[in-house]
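Student: After the structure tokens below, expect a handful of questions from me.
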Amino acid sequence: MNKKLLLQEDGKKQKIKEIAIFEDPQKLKMILNRLSWKILVMLSEREMYPLEIAKKLGIHEQKVYYHIRKLARAGAITIAKEEEKKGTIAKYYKAVSPAFGIELPQGYKTLERLSLPIIDEKIRNFFKGFIKEDGTFEGKIVVGSPMPHGPFKTSARDGHYASHLTFFLGQFAKMPEDFAIKLDVDVKAEKEEKNNLILVGGPGTNLLTQELNDYLPIRFNMQPSEQGFLFGGLVSRKTSNVYTADAVGLIAKIVNPWDSSKWVTVLAGNKAVGTKACVLALTNFWKKTLKGYDGKDAFATVIQGFDLDGDGKVDSIEVLE
């Protein structure tokens, strides 16, 4: 009997189970008797032997044997084990599959990617420019180099948060042929700024975020000093509010200033913990985060991370602006 997978969506998540396909309609007919079907359902729940089934149904054991033989000939059940009971061997039967059906030869459709119910149009639209028509991710995810680099000679400690983001994107985007994760120093060296970019990390650790800072609707306050620059938190052009907490960060989407046909998305915190809050905001809490997103060219929001379970790690967020 040919076996395949049956896919079901229940509104929250996808589930699959094995389905056995009857290629001979006569065998299907053998299990459609009402009593045969009742026995088959029982054997799909757990292994049972005929006398046990007869007692449970309140019918003669010989009648159960008759239907057991039919189901076995149809290939719908099989012997799971044998045990000695009162001097005789009891055969325990079980259903060979949790589902049965017939299949016509035509009607297959190609699924480029199984769409998960949690991924609705708003989050798809947010990443629309980063995904080709065939569903392949198009762009670079740029993280700061872990080596001391740039004018601040900093070592990035937030690049690994990008892995959580890539797991999320993998739910509705196919893997590209080229390696999609890049260090900021490599992007600059290879002059790949004219690309779709997802920047992870603030201007202190990610050189691309630093260069884009003046284009952002909500920008990082970088004050010149004898040492180079001092960071004064995030400043909103719209409200003039200043956000200086370590667990605060920015999520922004703008047209790439180096190529107007491309996009840049920024997930950057005042500190590494703020960057983590932004990644969580766009993956675990995107409905709350993108509530004000209308699909226009520029979008920016301020995220505050919180540790609700008290384990010292950010696990929740609030949208401040």
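Order determines the names: the first chain of the structure tokens is A, the second B, and so forth; residues in each chain are numbered 1 upward, and ligands are numbered 1 upward as they are shown.
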Find the nearest atom pair between each residue of stretch 73-180 of chain A and stretch 296-314 of chain A for residues within 12 Å, count only C-alpha atoms, give distances in Å to one decimal, sort rows by chain and ascending number, and present the table as a tab-separated table.
Tutor:
residue	atom	partner	partner_atom	distance
A:Asn125	CA	A:Lys296	CA	10.3
A:Phe126	CA	A:Phe299	CA	9.7
A:Gly129	CA	A:Asp297	CA	11.1
Student: Excluding A:Ala156 and residues on its chain fewer than 2 positions from it, collect all residues at most 12 Å away from it, counting only C-alpha atoms, and give them as a ChimeraX atom specification.
Tutor: /A:142-150,152-154,158-161,183-185,200-207,268-269,271-273,275
Student: Tell me which of A:Met42, A:Ile19, A:Gly75, A:Glu193 sits closest to A:Leu7, counting only C-alpha atoms.
Tutor: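 Selected residue with least distance to A:Leu7: A:Ile19.
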Student: Could you check which of A:Lys188, A:Lys174, A:His164, A:Lys94 is closest to A:Lys132, using only C-alpha atoms?
Tutor: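 Smallest separation from A:Lys132 among the options: A:Lys174.
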Student: So which bits of stretch 80-294 of chain A end up strand (DSSP E or B) when you DSSP the backbone, as a PDB file with C-alpha atoms, in the first residue's frame?
Tutor:
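Here's the written file result.pdb:
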ATOM      1  CA  ALA A  80       1.632  -5.661  16.102  1.00  0.00           C
ATOM      2  CA  LYS A  81       2.623  -8.391  18.561  1.00  0.00           C
ATOM      3  CA  GLU A  82       1.634 -11.765  19.971  1.00  0.00           C
ATOM      4  CA  GLU A  83       1.148 -12.691  23.619  1.00  0.00           C
ATOM      5  CA  GLU A  84       0.218 -15.888  25.463  1.00  0.00           C
ATOM      6  CA  LYS A  85      -3.111 -15.587  27.271  1.00  0.00           C
ATOM      7  CA  THR A  88      -3.464 -19.546  23.724  1.00  0.00           C
ATOM      8  CA  ILE A  89      -1.642 -16.995  21.592  1.00  0.00           C
ATOM      9  CA  ALA A  90      -3.434 -13.648  21.365  1.00  0.00           C
ATOM     10  CA  LYS A  91      -2.618 -11.619  18.291  1.00  0.00           C
ATOM     11  CA  TYR A  92      -2.678  -7.864  18.790  1.00  0.00           C
ATOM     12  CA  TYR A  93      -3.632  -5.860  15.700  1.00  0.00           C
ATOM     13  CA  LYS A  94      -3.066  -2.230  14.800  1.00  0.00           C
ATOM     14  CA  ALA A  95      -3.982   0.048  11.906  1.00  0.00           C
ATOM     15  CA  PHE A 100      -6.774   6.051   4.421  1.00  0.00           C
ATOM     16  CA  GLY A 101      -7.865   7.333   1.057  1.00  0.00           C
ATOM     17  CA  ILE A 131      12.204  38.146  -1.816  1.00  0.00           C
ATOM     18  CA  THR A 136      14.202  33.118  -2.961  1.00  0.00           C
ATOM     19  CA  PHE A 137      15.715  35.571  -0.497  1.00  0.00           C
ATOM     20  CA  LYS A 140      22.523  40.481   2.372  1.00  0.00           C
ATOM     21  CA  ILE A 141      22.145  40.256   6.131  1.00  0.00           C
ATOM     22  CA  VAL A 142      25.006  42.361   7.471  1.00  0.00           C
ATOM     23  CA  VAL A 143      26.428  42.004  10.980  1.00  0.00           C
ATOM     24  CA  HIS A 149      37.241  47.614  13.570  1.00  0.00           C
ATOM     25  CA  THR A 154      34.754  48.011  18.569  1.00  0.00           C
ATOM     26  CA  LYS A 174      13.906  30.049   0.135  1.00  0.00           C
ATOM     27  CA  ILE A 181      25.313  36.633   5.802  1.00  0.00           C
ATOM     28  CA  LYS A 182      28.102  39.204   5.515  1.00  0.00           C
ATOM     29  CA  LEU A 183      30.360  41.117   7.884  1.00  0.00           C
ATOM     30  CA  LEU A 197      20.472  45.023   3.082  1.00  0.00           C
ATOM     31  CA  ILE A 198      19.294  43.891   6.504  1.00  0.00           C
ATOM     32  CA  LEU A 199      21.628  45.494   9.019  1.00  0.00           C
ATOM     33  CA  VAL A 200      21.895  43.947  12.469  1.00  0.00           C
ATOM     34  CA  ILE A 218      14.849  57.835  13.955  1.00  0.00           C
ATOM     35  CA  ARG A 219      18.608  58.146  14.233  1.00  0.00           C
ATOM     36  CA  PHE A 220      21.372  57.517  16.708  1.00  0.00           C
ATOM     37  CA  ASN A 221      22.730  60.667  18.359  1.00  0.00           C
ATOM     38  CA  MET A 222      26.426  60.580  17.574  1.00  0.00           C
ATOM     39  CA  GLN A 223      28.172  63.606  19.098  1.00  0.00           C
ATOM     40  CA  PRO A 224      31.675  64.486  17.837  1.00  0.00           C
ATOM     41  CA  SER A 225      34.396  64.531  20.467  1.00  0.00           C
ATOM     42  CA  GLY A 228      35.708  60.470  17.711  1.00  0.00           C
ATOM     43  CA  PHE A 229      32.019  60.199  18.614  1.00  0.00           C
ATOM     44  CA  LEU A 230      29.959  59.824  21.774  1.00  0.00           C
ATOM     45  CA  PHE A 231      26.648  58.022  21.631  1.00  0.00           C
ATOM     46  CA  GLY A 232      23.676  59.812  23.129  1.00  0.00           C
ATOM     47  CA  GLY A 233      20.938  57.297  22.440  1.00  0.00           C
ATOM     48  CA  LEU A 234      18.209  57.406  19.808  1.00  0.00           C
ATOM     49  CA  VAL A 235      16.592  60.659  18.722  1.00  0.00           C
ATOM     50  CA  SER A 236      13.255  60.816  16.919  1.00  0.00           C
ATOM     51  CA  VAL A 242      15.469  60.815  23.209  1.00  0.00           C
ATOM     52  CA  TYR A 243      15.866  57.151  24.204  1.00  0.00           C
ATOM     53  CA  VAL A 248      16.140  50.266  23.530  1.00  0.00           C
ATOM     54  CA  GLY A 249      16.604  49.872  19.806  1.00  0.00           C
ATOM     55  CA  LEU A 250      15.417  50.895  16.372  1.00  0.00           C
ATOM     56  CA  ILE A 251      13.671  48.990  13.605  1.00  0.00           C
ATOM     57  CA  ALA A 252      13.621  50.912  10.330  1.00  0.00           C
ATOM     58  CA  LYS A 253      12.958  50.238   6.671  1.00  0.00           C
ATOM     59  CA  ILE A 254      14.094  52.772   4.078  1.00  0.00           C
ATOM     60  CA  VAL A 255      14.996  52.935   0.398  1.00  0.00           C
ATOM     61  CA  TRP A 263      15.797  48.379   0.369  1.00  0.00           C
ATOM     62  CA  VAL A 264      17.528  48.610   3.721  1.00  0.00           C
ATOM     63  CA  THR A 265      16.113  47.299   6.987  1.00  0.00           C
ATOM     64  CA  VAL A 266      17.905  48.203  10.225  1.00  0.00           C
ATOM     65  CA  LEU A 267      17.663  46.371  13.551  1.00  0.00           C
ATOM     66  CA  ALA A 268      19.953  48.217  15.927  1.00  0.00           C
ATOM     67  CA  GLY A 269      20.087  48.878  19.651  1.00  0.00           C
TER      68      GLY A 269
END
Student: For stretch 281-284 of chain A, please output as a count of residues only all residues within 7 Å (counting only C-alpha atoms; exclusion window: fewer than 3 positions along the same chain).
Tutor: 6
Student: Just list as a VMD selection string whatever in stretch 86-253 of chain A DSSP marks as helix (DSSP H, G or I).
Tutor: chain A and resid 121 to 126 128 to 130 159 to 169 184 to 189 207 to 215
